[in-house]
$ cat input-v9.tsv   # TSV, C-alpha atoms and all ligand atoms
chain	number	residue	atom	x	y	z
O	17	MET	CA	-8.23	-50.30	-29.82
O	18	LEU	CA	-11.29	-51.38	-27.85
O	19	ASP	CA	-11.76	-55.15	-27.90
O	20	SER	CA	-15.04	-56.72	-29.03
O	21	GLN	CA	-17.89	-55.97	-26.61
O	22	ARG	CA	-20.01	-58.83	-27.94
O	23	ARG	CA	-20.12	-60.40	-24.46
O	24	HIS	CA	-22.46	-57.59	-23.36
O	25	PHE	CA	-25.07	-58.62	-25.97
O	26	GLN	CA	-27.05	-61.72	-26.84
O	27	LEU	CA	-25.63	-62.01	-30.33
O	28	PRO	CA	-25.23	-65.58	-31.57
O	29	ARG	CA	-21.92	-66.19	-33.38
O	30	GLU	CA	-23.71	-67.00	-36.64
O	31	ILE	CA	-25.44	-63.60	-36.77
O	32	ALA	CA	-23.49	-60.82	-38.49
O	33	TYR	CA	-25.57	-57.85	-37.37
O	34	LEU	CA	-24.06	-54.80	-39.09
O	35	ASP	CA	-27.02	-52.43	-38.90
O	36	ALA	CA	-26.55	-50.16	-35.87
O	37	ALA	CA	-27.63	-47.21	-38.02
O	38	ALA	CA	-31.11	-48.82	-38.16
O	39	ILE	CA	-31.41	-50.03	-34.54
O	40	THR	CA	-28.98	-51.61	-32.09
O	41	PRO	CA	-29.58	-54.90	-30.26
O	42	ARG	CA	-30.36	-54.58	-26.57
O	43	ALA	CA	-27.41	-55.06	-24.24
O	44	VAL	CA	-27.85	-57.47	-21.34
O	45	ALA	CA	-27.38	-54.60	-18.86
O	46	VAL	CA	-30.17	-52.66	-20.58
O	47	ARG	CA	-32.51	-55.66	-20.38
O	48	THR	CA	-31.66	-56.00	-16.66
O	49	ALA	CA	-32.44	-52.33	-16.09
O	50	ALA	CA	-35.74	-52.73	-17.95
O	51	ASN	CA	-36.69	-55.78	-15.87
O	52	ALA	CA	-36.08	-53.94	-12.61
O	53	ALA	CA	-38.24	-51.04	-13.78
O	54	LEU	CA	-40.99	-53.34	-15.05
O	55	GLU	CA	-41.21	-55.00	-11.66
O	56	ILE	CA	-41.96	-51.64	-10.12
O	57	GLY	CA	-44.84	-51.24	-12.57
O	58	ASP	CA	-46.19	-54.65	-11.48
O	59	ARG	CA	-46.73	-53.28	-7.96
O	60	PRO	CA	-47.33	-49.54	-8.10
O	61	TRP	CA	-48.30	-49.51	-4.42
O	62	ALA	CA	-44.98	-50.84	-3.18
O	63	PRO	CA	-42.18	-48.51	-2.08
O	64	ARG	CA	-39.98	-47.89	-5.09
O	65	GLU	CA	-36.27	-47.88	-5.29
O	66	LEU	CA	-36.14	-45.97	-8.53
O	67	ASP	CA	-36.89	-42.30	-8.29
O	68	LYS	CA	-38.11	-40.97	-11.62
O	69	LYS	CA	-36.94	-37.43	-10.94
O	70	HIS	CA	-33.47	-38.70	-10.17
O	71	LEU	CA	-33.45	-40.92	-13.29
O	72	LEU	CA	-34.51	-38.03	-15.47
O	73	SER	CA	-31.91	-35.62	-14.16
O	74	ARG	CA	-29.20	-38.26	-14.49
O	75	LEU	CA	-30.26	-38.88	-18.06
O	76	ARG	CA	-30.13	-35.19	-18.86
O	77	GLU	CA	-26.55	-35.18	-17.55
O	78	GLN	CA	-25.57	-38.32	-19.47
O	79	SER	CA	-27.09	-37.14	-22.76
O	80	ALA	CA	-25.61	-33.66	-22.37
O	81	ALA	CA	-22.14	-35.15	-21.84
O	82	LEU	CA	-22.29	-36.71	-25.33
O	83	ILE	CA	-22.41	-33.29	-27.00
O	84	GLY	CA	-20.57	-31.02	-24.56
O	85	ALA	CA	-23.79	-29.46	-23.26
O	86	ARG	CA	-25.11	-28.78	-19.76
O	87	ALA	CA	-27.85	-30.98	-18.32
O	88	ARG	CA	-30.20	-27.98	-18.23
O	89	ASP	CA	-29.89	-27.59	-22.01
O	90	MET	CA	-31.46	-31.01	-22.66
O	91	ALA	CA	-35.14	-31.85	-23.21
O	92	VAL	CA	-36.76	-35.27	-23.55
O	93	ALA	CA	-38.73	-36.16	-26.69
O	94	PRO	CA	-40.37	-39.33	-28.04
O	95	ALA	CA	-38.62	-39.14	-31.44
O	96	VAL	CA	-36.29	-37.01	-33.50
O	97	SER	CA	-39.27	-35.96	-35.64
O	98	TYR	CA	-40.89	-34.53	-32.48
O	99	ALA	CA	-37.66	-32.71	-31.60
O	100	MET	CA	-37.53	-31.31	-35.13
O	101	ALA	CA	-41.15	-30.18	-34.86
O	102	THR	CA	-40.28	-28.40	-31.59
O	103	ALA	CA	-37.37	-26.65	-33.32
O	104	ALA	CA	-39.54	-25.69	-36.28
O	105	ALA	CA	-42.18	-24.21	-33.96
O	106	ASN	CA	-39.52	-21.99	-32.41
O	107	ILE	CA	-37.48	-20.68	-35.31
O	108	ASP	CA	-38.72	-17.90	-37.47
O	109	LEU	CA	-38.27	-18.81	-41.13
O	110	PRO	CA	-38.71	-15.53	-42.93
O	111	ARG	CA	-41.13	-15.31	-45.86
O	112	GLN	CA	-39.02	-15.58	-49.02
O	113	GLY	CA	-36.06	-16.69	-46.85
O	114	ARG	CA	-33.83	-19.60	-47.85
O	115	LEU	CA	-34.25	-22.97	-46.12
O	116	LEU	CA	-31.19	-25.14	-46.73
O	117	LEU	CA	-31.72	-28.91	-46.75
O	118	LEU	CA	-29.59	-31.82	-47.94
O	119	THR	CA	-30.55	-34.00	-50.88
O	120	ASP	CA	-31.66	-37.45	-49.70
O	121	ASP	CA	-31.75	-36.39	-46.05
O	122	HIS	CA	-33.97	-38.35	-43.67
O	123	PRO	CA	-37.70	-37.51	-43.86
O	124	SER	CA	-37.97	-37.23	-40.04
O	125	SER	CA	-35.35	-34.52	-40.33
O	126	TYR	CA	-36.72	-32.43	-43.20
O	127	LEU	CA	-40.47	-33.01	-43.59
O	128	VAL	CA	-41.52	-30.56	-40.88
O	129	TRP	CA	-39.25	-27.89	-42.37
O	130	LYS	CA	-40.51	-28.51	-45.88
O	131	ALA	CA	-44.09	-28.04	-44.66
O	132	LEU	CA	-43.11	-24.86	-42.83
O	133	ALA	CA	-41.33	-23.45	-45.87
O	134	GLU	CA	-44.34	-24.20	-48.06
O	135	ALA	CA	-46.67	-22.48	-45.58
O	136	ARG	CA	-44.42	-19.40	-45.38
O	137	ASP	CA	-43.67	-19.25	-49.08
O	138	ALA	CA	-39.96	-19.64	-48.33
O	139	ILE	CA	-37.37	-20.99	-50.76
O	140	ILE	CA	-36.41	-24.64	-50.26
O	141	ASP	CA	-32.83	-25.02	-51.36
O	142	TRP	CA	-31.73	-28.66	-51.65
O	143	ALA	CA	-27.95	-28.91	-51.55
O	144	PRO	CA	-26.97	-31.56	-54.12
O	145	ARG	CA	-25.07	-34.70	-53.16
O	146	PRO	CA	-21.43	-34.29	-54.24
O	147	ALA	CA	-20.23	-36.97	-56.65
O	148	ASP	CA	-16.90	-37.33	-54.81
O	149	GLY	CA	-18.40	-37.61	-51.28
O	150	ASP	CA	-16.90	-34.27	-50.17
O	151	TRP	CA	-20.02	-32.79	-48.57
O	152	THR	CA	-18.12	-30.09	-46.68
O	153	SER	CA	-16.66	-28.41	-49.78
O	154	ALA	CA	-19.88	-28.87	-51.72
O	155	LEU	CA	-22.00	-27.36	-48.95
O	156	LEU	CA	-19.67	-24.40	-48.41
O	157	GLU	CA	-19.75	-23.65	-52.11
O	158	HIS	CA	-23.52	-24.05	-52.18
O	159	ILE	CA	-24.11	-21.81	-49.16
O	160	GLU	CA	-21.82	-19.07	-50.44
O	161	ARG	CA	-22.66	-19.19	-54.13
O	162	PRO	CA	-22.92	-15.71	-55.60
O	163	GLY	CA	-26.39	-14.30	-56.07
O	164	ALA	CA	-28.14	-16.75	-53.70
O	165	PRO	CA	-30.30	-15.19	-50.96
O	166	ALA	CA	-28.99	-15.45	-47.38
O	167	VAL	CA	-29.79	-18.73	-45.65
O	168	GLY	CA	-32.52	-18.25	-43.01
O	169	VAL	CA	-32.51	-21.77	-41.57
O	170	ALA	CA	-30.24	-24.74	-42.32
O	171	VAL	CA	-30.89	-28.34	-41.30
O	172	VAL	CA	-27.54	-30.11	-41.47
O	173	PRO	CA	-26.39	-33.43	-39.94
O	174	PRO	CA	-22.79	-34.28	-38.99
O	175	LEU	CA	-22.80	-37.02	-41.65
O	176	HIS	CA	-25.12	-38.36	-44.33
O	177	TRP	CA	-27.28	-41.16	-42.96
O	178	THR	CA	-27.30	-43.19	-46.19
O	179	ASP	CA	-23.57	-43.76	-46.66
O	180	GLY	CA	-21.70	-42.20	-43.72
O	181	THR	CA	-20.09	-39.38	-45.70
O	182	VAL	CA	-19.03	-36.76	-43.16
O	183	ILE	CA	-19.78	-33.06	-42.92
O	184	ASP	CA	-17.43	-30.71	-41.06
O	185	LEU	CA	-20.16	-29.10	-38.97
O	186	PRO	CA	-18.07	-26.46	-37.19
O	187	ARG	CA	-16.93	-25.12	-40.60
O	188	ILE	CA	-20.42	-25.20	-42.07
O	189	ALA	CA	-21.81	-23.57	-38.93
O	190	ARG	CA	-19.35	-20.67	-39.26
O	191	ALA	CA	-20.38	-20.07	-42.88
O	192	LEU	CA	-24.06	-20.17	-41.89
O	193	ARG	CA	-23.57	-17.82	-38.95
O	194	ALA	CA	-21.93	-15.31	-41.30
O	195	GLN	CA	-25.28	-15.21	-43.13
O	196	GLY	CA	-27.28	-14.92	-39.92
O	197	ALA	CA	-28.82	-18.39	-40.39
O	198	ALA	CA	-30.27	-20.56	-37.65
O	199	LEU	CA	-28.74	-24.06	-37.55
O	200	VAL	CA	-30.63	-27.23	-36.64
O	201	VAL	CA	-28.68	-30.48	-36.40
O	202	ASP	CA	-30.05	-34.00	-36.70
O	203	ALA	CA	-27.33	-35.92	-34.87
O	204	GLU	CA	-29.20	-39.26	-35.04
O	205	GLN	CA	-26.28	-41.05	-36.72
O	206	ALA	CA	-23.54	-39.31	-34.77
O	207	ALA	CA	-24.32	-38.75	-31.10
O	208	GLY	CA	-22.90	-41.45	-28.88
O	209	VAL	CA	-20.01	-42.29	-31.18
O	210	LEU	CA	-18.68	-39.21	-32.95
O	211	PRO	CA	-17.31	-36.34	-30.87
O	212	LEU	CA	-19.78	-33.44	-31.02
O	213	ASP	CA	-19.35	-30.17	-29.21
O	214	VAL	CA	-22.20	-27.69	-29.09
O	215	ALA	CA	-19.78	-24.99	-27.91
O	216	GLU	CA	-17.98	-25.34	-31.23
O	217	ILE	CA	-20.98	-25.92	-33.51
O	218	GLU	CA	-23.33	-23.45	-31.77
O	219	PRO	CA	-26.53	-25.02	-33.11
O	220	ASP	CA	-29.89	-23.52	-32.23
O	221	PHE	CA	-31.27	-27.03	-31.73
O	222	LEU	CA	-29.70	-30.49	-32.00
O	223	ALA	CA	-31.52	-33.82	-31.69
O	224	PHE	CA	-30.68	-37.51	-31.35
O	225	PRO	CA	-32.55	-40.67	-30.33
O	226	ALA	CA	-31.67	-43.35	-27.79
O	227	TYR	CA	-32.20	-46.46	-29.92
O	228	LYS	CA	-29.23	-46.38	-32.28
O	229	TRP	CA	-25.65	-45.51	-31.33
O	230	LEU	CA	-26.61	-44.89	-27.68
O	231	LEU	CA	-27.85	-48.52	-27.34
O	232	GLY	CA	-30.99	-47.34	-25.56
O	233	PRO	CA	-34.73	-47.91	-25.94
O	234	TYR	CA	-36.97	-47.03	-28.88
O	235	GLY	CA	-39.38	-44.12	-28.31
O	236	LEU	CA	-36.97	-41.83	-26.49
O	237	ALA	CA	-34.90	-38.99	-27.93
O	238	PHE	CA	-33.07	-35.88	-26.72
O	239	LEU	CA	-33.31	-32.30	-27.80
O	240	TYR	CA	-30.55	-29.82	-27.08
O	241	ALA	CA	-31.80	-26.22	-27.10
O	242	SER	CA	-29.23	-23.44	-27.07
O	243	PRO	CA	-29.63	-21.04	-24.15
O	244	LYS	CA	-30.94	-18.34	-26.50
O	245	ARG	CA	-33.79	-20.68	-27.56
O	246	GLN	CA	-34.86	-21.65	-24.05
O	247	ASN	CA	-37.71	-19.21	-23.85
O	248	GLY	CA	-39.64	-20.90	-26.67
O	249	ARG	CA	-42.94	-22.74	-26.98
O	250	PRO	CA	-43.26	-26.50	-26.29
O	251	LEU	CA	-45.40	-28.59	-28.61
O	252	GLU	CA	-47.61	-29.81	-25.78
O	253	GLN	CA	-48.90	-28.39	-22.55
O	254	HIS	CA	-48.55	-30.54	-19.47
O	255	MET	CA	-47.97	-30.06	-15.79
O	256	ASN	CA	-44.55	-31.57	-15.20
O	257	ASN	CA	-42.29	-28.80	-16.44
O	258	ARG	CA	-43.84	-25.89	-14.51
O	259	VAL	CA	-42.47	-23.93	-11.59
O	260	GLU	CA	-45.32	-24.94	-9.32
O	261	PRO	CA	-45.31	-28.62	-8.26
O	262	ALA	CA	-47.76	-30.40	-10.54
O	263	LEU	CA	-50.40	-31.25	-7.98
O	264	ARG	CA	-50.65	-27.72	-6.68
O	265	LEU	CA	-51.61	-26.34	-10.08
O	266	ALA	CA	-55.31	-25.62	-10.08
O	267	ASP	CA	-57.14	-23.42	-12.56
O	268	THR	CA	-56.42	-19.91	-11.44
O	269	VAL	CA	-53.87	-20.32	-8.68
O	270	GLY	CA	-50.30	-21.47	-9.00
O	271	ASP	CA	-47.30	-20.48	-11.02
O	272	TYR	CA	-47.79	-21.84	-14.51
O	273	SER	CA	-44.50	-20.51	-15.82
O	274	PHE	CA	-41.94	-23.02	-17.08
O	275	ARG	CA	-38.94	-24.15	-15.11
O	276	GLU	CA	-35.60	-22.81	-16.28
O	277	GLY	CA	-33.70	-24.37	-19.14
O	278	ALA	CA	-34.72	-26.66	-22.00
O	279	GLU	CA	-37.04	-28.65	-19.72
O	280	ARG	CA	-39.98	-26.61	-21.04
O	281	PHE	CA	-39.72	-28.61	-24.31
O	282	ASP	CA	-40.07	-31.98	-22.54
O	283	GLN	CA	-42.75	-34.28	-23.94
O	284	GLY	CA	-45.79	-35.28	-21.89
O	285	GLU	CA	-45.42	-38.55	-19.92
O	286	ARG	CA	-41.72	-37.85	-19.91
O	287	ASP	CA	-40.98	-40.03	-16.92
O	288	ASP	CA	-41.57	-43.58	-18.06
O	289	ILE	CA	-39.25	-45.35	-15.65
O	290	VAL	CA	-38.76	-48.33	-17.97
O	291	ALA	CA	-37.46	-46.17	-20.83
O	292	LEU	CA	-35.46	-43.93	-18.50
O	293	SER	CA	-33.86	-46.89	-16.72
O	294	MET	CA	-32.96	-48.55	-20.02
O	295	ALA	CA	-31.44	-45.34	-21.33
O	296	THR	CA	-29.36	-44.64	-18.22
O	297	GLY	CA	-28.15	-48.28	-18.27
O	298	ALA	CA	-27.25	-47.99	-21.95
O	299	LEU	CA	-25.38	-44.73	-21.48
O	300	GLN	CA	-23.51	-46.19	-18.55
O	301	LEU	CA	-22.33	-49.08	-20.73
O	302	LEU	CA	-21.42	-46.77	-23.61
O	303	GLY	CA	-19.62	-44.45	-21.19
O	304	SER	CA	-17.53	-47.33	-19.86
O	305	TRP	CA	-15.78	-47.55	-23.25
O	306	ASP	CA	-13.10	-45.08	-24.18
O	307	ARG	CA	-14.56	-43.07	-27.09
O	308	SER	CA	-11.43	-42.92	-29.23
O	309	SER	CA	-10.71	-46.64	-28.73
O	310	LEU	CA	-14.28	-47.40	-29.79
O	311	LEU	CA	-13.86	-45.23	-32.89
O	312	GLU	CA	-10.60	-47.00	-33.68
O	313	ARG	CA	-12.44	-50.32	-33.58
O	314	LEU	CA	-15.28	-49.08	-35.80
O	315	ARG	CA	-12.85	-47.47	-38.26
O	316	ALA	CA	-10.92	-50.75	-38.54
O	317	LEU	CA	-14.16	-52.60	-39.28
O	318	THR	CA	-15.41	-50.14	-41.93
O	319	ASP	CA	-11.92	-50.10	-43.51
O	320	GLN	CA	-12.12	-53.87	-43.69
O	321	VAL	CA	-15.51	-53.51	-45.44
O	322	ALA	CA	-13.99	-51.01	-47.91
O	323	GLU	CA	-11.06	-53.31	-48.69
O	324	GLY	CA	-13.33	-56.27	-49.26
O	325	ALA	CA	-15.67	-54.19	-51.43
O	326	ALA	CA	-12.81	-52.97	-53.63
O	327	GLY	CA	-12.41	-56.37	-55.27
O	328	LEU	CA	-16.15	-56.72	-55.83
O	329	ASN	CA	-16.98	-53.82	-58.07
O	330	LEU	CA	-18.73	-52.00	-55.23
O	331	GLU	CA	-17.96	-48.30	-54.94
O	332	VAL	CA	-17.25	-46.62	-51.58
O	333	ALA	CA	-16.47	-43.00	-50.74
O	334	ASP	CA	-12.85	-41.99	-50.32
O	335	ARG	CA	-11.58	-42.74	-46.80
O	336	ARG	CA	-11.06	-38.99	-46.15
O	337	PHE	CA	-14.79	-38.43	-46.49
O	338	ARG	CA	-16.04	-41.47	-44.58
O	339	ALA	CA	-17.17	-41.57	-40.96
O	340	PRO	CA	-15.58	-44.36	-38.90
O	341	HIS	CA	-18.86	-46.15	-38.15
O	342	ILE	CA	-21.00	-46.11	-41.33
O	343	ILE	CA	-20.05	-47.05	-44.87
O	344	GLY	CA	-22.20	-47.13	-48.01
O	345	LEU	CA	-21.48	-49.64	-50.76
O	346	LYS	CA	-22.77	-48.65	-54.18
O	347	PRO	CA	-23.54	-51.78	-56.17
O	348	ARG	CA	-24.37	-52.22	-59.82
O	349	SER	CA	-28.12	-51.75	-59.94
O	350	GLU	CA	-28.90	-55.32	-61.03
O	351	ILE	CA	-27.79	-56.79	-57.76
O	352	PHE	CA	-29.08	-54.06	-55.50
O	353	GLU	CA	-32.74	-54.99	-55.24
O	354	SER	CA	-32.10	-58.54	-54.20
O	355	ALA	CA	-28.80	-58.06	-52.35
O	356	VAL	CA	-30.01	-57.01	-48.91
O	357	GLY	CA	-32.74	-59.68	-48.73
O	358	SER	CA	-30.33	-62.31	-49.83
O	359	LEU	CA	-27.75	-61.18	-47.23
O	360	ALA	CA	-30.41	-61.38	-44.51
O	361	SER	CA	-31.29	-64.92	-45.54
O	362	GLN	CA	-27.64	-65.75	-44.78
O	363	ASN	CA	-27.79	-64.02	-41.38
O	364	VAL	CA	-25.95	-60.89	-42.51
O	365	PHE	CA	-27.91	-57.78	-41.61
O	366	VAL	CA	-27.40	-54.42	-43.32
O	367	SER	CA	-29.82	-51.83	-44.78
O	368	PRO	CA	-30.57	-50.61	-48.28
O	369	ARG	CA	-30.56	-46.81	-48.28
O	370	ARG	CA	-31.04	-44.68	-51.40
O	371	GLY	CA	-28.98	-46.92	-53.67
O	372	PHE	CA	-26.36	-47.84	-51.05
O	373	ILE	CA	-25.92	-51.01	-49.06
O	374	ARG	CA	-25.34	-49.33	-45.69
O	375	VAL	CA	-23.05	-51.17	-43.29
O	376	SER	CA	-22.85	-49.88	-39.73
O	377	PRO	CA	-20.93	-51.84	-37.09
O	378	HIS	CA	-20.97	-51.12	-33.36
O	379	ALA	CA	-18.83	-52.28	-30.44
O	380	TYR	CA	-20.25	-55.84	-30.57
O	381	ASN	CA	-19.00	-56.49	-34.12
O	382	ASP	CA	-15.71	-58.12	-35.02
O	383	PRO	CA	-13.70	-58.93	-38.16
O	384	ALA	CA	-15.47	-62.29	-38.49
O	385	ASP	CA	-18.77	-60.44	-39.07
O	386	VAL	CA	-17.21	-58.40	-41.86
O	387	ASP	CA	-15.64	-61.52	-43.38
O	388	ARG	CA	-19.12	-63.06	-43.53
O	389	LEU	CA	-20.50	-59.96	-45.25
O	390	ILE	CA	-17.73	-59.91	-47.84
O	391	GLN	CA	-18.02	-63.66	-48.52
O	392	CYS	CA	-21.77	-63.32	-49.09
O	393	LEU	CA	-21.32	-60.26	-51.31
O	394	ARG	CA	-18.68	-62.12	-53.32
O	395	LYS	CA	-21.20	-64.87	-54.04
O	396	LEU	CA	-23.79	-62.29	-55.09
O	397	VAL	CA	-21.59	-60.45	-57.57
O	398	SER	CA	-19.87	-63.49	-59.07
P	401	LIG	C1	-30.63	-39.21	-39.83
P	401	LIG	C2	-31.91	-39.74	-39.27
P	401	LIG	N1	-32.81	-38.88	-38.74
P	401	LIG	C3	-33.98	-39.31	-38.23
P	401	LIG	C4	-34.31	-40.66	-38.21
P	401	LIG	C5	-35.61	-41.13	-37.61
P	401	LIG	O1	-36.00	-40.31	-36.61
P	401	LIG	P1	-37.24	-40.61	-35.63
P	401	LIG	O2	-37.82	-41.93	-36.01
P	401	LIG	O3	-36.66	-40.59	-34.26
P	401	LIG	O4	-38.18	-39.48	-35.85
P	401	LIG	C6	-33.41	-41.58	-38.74
P	401	LIG	C7	-33.74	-43.02	-38.74
P	401	LIG	O5	-33.07	-43.83	-39.28
P	401	LIG	C8	-32.18	-41.11	-39.28
P	401	LIG	O6	-31.29	-41.96	-39.79

$ encode --input "input-v9.tsv" --output "structure tokens"
Amino acid sequence: MLDSQRRHFQLPREIAYLDAAAITPRAVAVRTAANAALEIGDRPWAPRELDKKHLLSRLREQSAALIGARARDMAVAPAVSYAMATAAANIDLPRQGRLLLLTDDHPSSYLVWKALAEARDAIIDWAPRPADGDWTSALLEHIERPGAPAVGVAVVPPLHWTDGTVIDLPRIARALRAQGAALVVDAEQAAGVLPLDVAEIEPDFLAFPAYKWLLGPYGLAFLYASPKRQNGRPLEQHMNNRVEPALRLADTVGDYSFREGAERFDQGERDDIVALSMATGALQLLGSWDRSSLLERLRALTDQVAEGAAGLNLEVADRRFRAPHIIGLKPRSEIFESAVGSLASQNVFVSPRRGFIRVSPHAYNDPADVDRLIQCLRKLVS
């Protein structure tokens, strides 16, 4: 099992920060990378050591490696909502077709699709949350239920963001492909920690941000586009992703066609060296930890949460259906409203999400953090 990586962060002992699913604290190495990049911005005339083109291509490689993709399949976006909007602009949702969404999914994930379905008069089909936490069986049954029209587009994450209940994406993807559906994956709560393989899932698009499990900066996200989607339309028009070098483009001369690969979907001002440096530093740190040892650590911590919750009248999903890194505690409603605020006042940080107290440790957490959480919860329920 990976040992605690707290030494890489500025986390005082008395802070039990268990909210990686909201945002992760900045690692010291990431701050150092940011400082070096900021100094370059202080003196734009001076020769620079950091080459933005090099940073960007390294980041495409690093982000691609998290999901089994090639660097050329990755585009840079400012947010997952932007990546979702790019996907929605490039997938044809047939009129009267079925759009499959998950109940209680994240608004950044579904809002653009909901708007598209309303504009096209398509059917929005909300898959209900299964009472037993078994999303995979529930979704398969829902997708294949007799009499339902074929799914045109499905937006499915690898796990539910509110309580960490997992979804077997390769299985769901096979069922969707059998109906000819396009699959879009919001991997915000998975990429960086859970193994994801685009060769197995075959999504049309898959998106994830830098600021959570990747330990990177806010305002930067990644969009995987499958090779068959790489001839699509970007949301914005700018000069950095064209065949012709930017400064040679002039009105009527020059080759305005896009460079090969997913790069055409890159956002404008894609090469902010501060954000890129922070992200490459973060992915370097994350990559220095063995993935399965990290997962072992996170699983041990969420199991410890589940054990502690069992004596406190807080429900959790069955272990078979829980991701290693996120766990939702379902309290009796009377304590819910005040619980999270009162935990924060005791330096225990978690998030309230759709009726769950969501607990999400990362590599910097240790059993003492979970002990603090359980002690504070015990006081609240007694
Ligand atoms: C599953 C999921 N998708 C999307 C988002 C937010 O996406 P963004 O702010 O990058 O658009 C969140 C934020 O918590 C999330 O949990």

$ residues_near_ligand --input "input-v9.tsv" --ligand "ligand LIG 401 (chain P)" --cutoff "10 Å" --atoms "only C-alpha atoms and all ligand atoms" --output "VMD selection string"
chain O and resid 36 to 39 93 to 101 121 to 126 172 to 178 201 to 206 223 to 228 234 to 238 369

$ closest_residue --input "input-v9.tsv" --among "O:Ser398, O:Ile289, O:Tyr380, O:Leu212" --to "Arg64 of chain O" --atoms "only C-alpha atoms"
O:Ile289

$ closest_residue --input "input-v9.tsv" --among "O:Leu109, O:Ala295, O:Leu54, O:Ala32" --to "Asn381 of chain O" --atoms "all atoms listed in the file"
O:Ala32

$ axis_aligned_box --input "input-v9.tsv" --around "segment 197-209 of chain O" --padding-each-side "6 Å" --output "AutoDock Vina command-line options"
--center_x -25.3 --center_y -30.3 --center_z -34.6 --size_x 22.6 --size_y 35.9 --size_z 23.5

$ closest_residue --input "input-v9.tsv" --among "O:Asp58, O:Asp179, O:Asp282, O:Glu312" --to "Val375 of chain O" --atoms "all atoms listed in the file"
O:Asp179

$ residues_near_point --input "input-v9.tsv" --point "(-15.4, -62.4, -39.8)" --cutoff "12 Å" --atoms "all atoms listed in the file" --output "JSON, numbers by chain"
{"O": [29, 30, 31, 32, 33, 34, 317, 320, 321, 324, 364, 381, 382, 383, 384, 385, 386, 387, 388, 389, 390, 391, 392]}

$ closest_residue --input "input-v9.tsv" --among "O:Gln78, O:Gln362, O:Gln21, O:Asn106" --to "Pro250 of chain O" --atoms "only C-alpha atoms"
O:Asn106

$ closest_residue --input "input-v9.tsv" --among "O:Asn247, O:Trp229, O:Pro28, O:Arg280" --to "Leu311 of chain O" --atoms "only C-alpha atoms"
O:Trp229

$ residues_around --input "input-v9.tsv" --residues "segment 150-165 of chain O" --least-positions-apart "4" --cutoff "9 Å" --atoms "all atoms listed in the file" --output "list in words"
Gln112, Gly113, Arg114, Leu116, Leu118, Ala143, Pro144, Arg145, Pro146, Leu175, His176, Thr181, Val182, Ile183, Asp184, Leu185, Arg187, Ile188, Ala191, Leu192, Gln195, Ala333, Asp334, Arg336 and Phe337 of chain O

$ closest_residue --input "input-v9.tsv" --among "O:Leu359, O:Arg370, O:Ala166, O:Leu251" --to "Lys395 of chain O" --atoms "all atoms listed in the file"
O:Leu359

$ atom_distance --input "input-v9.tsv" --atom1 "atom CA of Val356 of chain O" --atom2 "atom CA of Phe372 of chain O"
10.1 Å

$ atom_distance --input "input-v9.tsv" --atom1 "atom CA of Leu239 of chain O" --atom2 "atom CA of Asn256 of chain O"
16.9 Å

$ atom_distance --input "input-v9.tsv" --atom1 "atom CA of Asp319 of chain O" --atom2 "atom CA of Ala379 of chain O"
14.9 Å

$ residues_near_point --input "input-v9.tsv" --point "(-32.2, -25.4, -29.8)" --cutoff "7 Å" --atoms "all atoms listed in the file" --output "PyMOL selection string"
chain O and resi 103+219-222+240-242+245

$ residues_around --input "input-v9.tsv" --residues "Ile56 of chain O" --least-positions-apart "4" --cutoff "10 Å" --atoms "all atoms listed in the file" --output "list in words"
Asn51, Ala52, Pro60, Trp61, Ala62, Pro63, Arg64, Glu65, Leu66, Ile289 and Val290 of chain O
